[in-house]
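Some notes on the structure that comes next.
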Amino acid sequence: MATTRTAKTHWEGNLLQGKGTVALESSKVGTYDVNWPARAEQPNGVTSPEELIAAAHSSCYSMAFSHGLAGKGHTVEALDTQADVTFQPGEGITAIALTVKARVPGLSEADFQAAAEDAKKNCPVSQALAGVKNITLTAELLS
């Protein structure tokens, strides 16, 4: 069954001096301040579209990786994924670096790396972000 999730943004003012809020409407888990300085300078307690993309990508990737491993009979003890989204004013999102560290008993390094790459390729958020030319992955199998 298909699902739809909704977020709403309210914005006031121009791009550089304006400010807004983004509300996660479907889950109702929060409303967050957004502004240009949080994108192009320092966050200072305010989020940005890129941070929200990083959250979506790291969580989706983790789910896809865990699911792919389970489909091959492996149990994930722990999986930690970080997504670093680089935004260059005037160019847009120029890079995403995924870093994953996982503990998966009985999995070889080669099979781990193959599963990590497969999750990167098939995660729905990765697919949605295919326009980003530089998406990298560093995967570490922990013992």
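So you can find residues: chains in the structure tokens are A, B, ... in the order shown, residues in each start at 1, and ligands are numbered from 1 in order.
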Output as a tab-separated table one row per residue of segment 13-100 of chain A within 12 Å of segment 107-117 of chain A: the closest atom pair and its distance in Å to one decimal place, counting only C-alpha atoms, sorted by chain and residue number ascending.
```
residue	atom	partner	partner_atom	distance
A:Tyr61	CA	A:Ala116	CA	9.0
A:Ser62	CA	A:Ala116	CA	9.5
A:Met63	CA	A:Ala116	CA	11.4
A:Ala64	CA	A:Ala116	CA	9.1
A:Phe65	CA	A:Ala116	CA	6.3
A:Ser66	CA	A:Ala115	CA	9.2
A:His67	CA	A:Ala115	CA	10.0
A:Gly68	CA	A:Ala115	CA	6.8
A:Leu69	CA	A:Ala115	CA	6.8
A:Ala70	CA	A:Ala115	CA	10.5
A:Gly71	CA	A:Ala115	CA	10.5
A:Lys72	CA	A:Ala115	CA	9.4
A:Gly73	CA	A:Leu107	CA	9.8
A:His74	CA	A:Leu107	CA	7.3
A:Thr75	CA	A:Leu107	CA	9.3
A:Val76	CA	A:Leu107	CA	9.8
A:Glu77	CA	A:Leu107	CA	11.6
A:Leu79	CA	A:Ala116	CA	11.1
A:Thr81	CA	A:Ala116	CA	10.9
A:Leu98	CA	A:Ala116	CA	10.3
A:Thr99	CA	A:Ala116	CA	10.1
A:Val100	CA	A:Ala116	CA	8.3
```
Need the shell around segment 38-44 of chain A: protein/DNA/RNA residues with any atom at most 9 Å away, counting only C-alpha atoms. Skip same-chain ones fewer than 6 positions apart. Format as an MDAnalysis selection string?
chainID A and resid 50:51 87:89
Using the chain letters and numbers from this document, which residues of segment 49-138 of chain A does DSSP assign to alpha helix (DSSP H), as a PyMOL selection string?
chain A and resi 49-71+109-122+124-128
All residues 10 Å or closer to His10 of chain A, only C-alpha atoms, same chain fewer than 3 positions away omitted, as an NGL selection string:
:A and (19-23 or 33-34)
From the set A:Val29, A:Trp36, A:Val85, A:Ser59, which residue has the shortest atom-to-atom contact distance to Glu12 of chain A, counting only C-alpha atoms?
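Of the candidates, the smallest distance to Glu12 of chain A is held by A:Trp36.
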Can you check which residues of chain A DSSP gives as strand (DSSP E or B) on the backbone and send them as a VMD selection string?
chain A and resid 7 to 12 19 to 24 31 to 35 47 78 to 88 92 to 103 135 to 142
Between atom CA of Ser48 of chain A and atom CA of Ala139 of chain A, measure the distance and give it in Å to one decimal.
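One can read the atom CA of Ser48 of chain A to atom CA of Ala139 of chain A distance as 26.0 Å.
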Suppose you want the space between atom CA of Leu24 of chain A and atom CA of Ala119 of chain A; what is it in Å?
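Distance between the two atoms: 25.8 Å.
Each of A:Gln127, A:Thr138, A:Ser26, A:Thr31 was compared to Gln82 of chain A using only C-alpha atoms, and A:Thr138 turns out to be the nearest.
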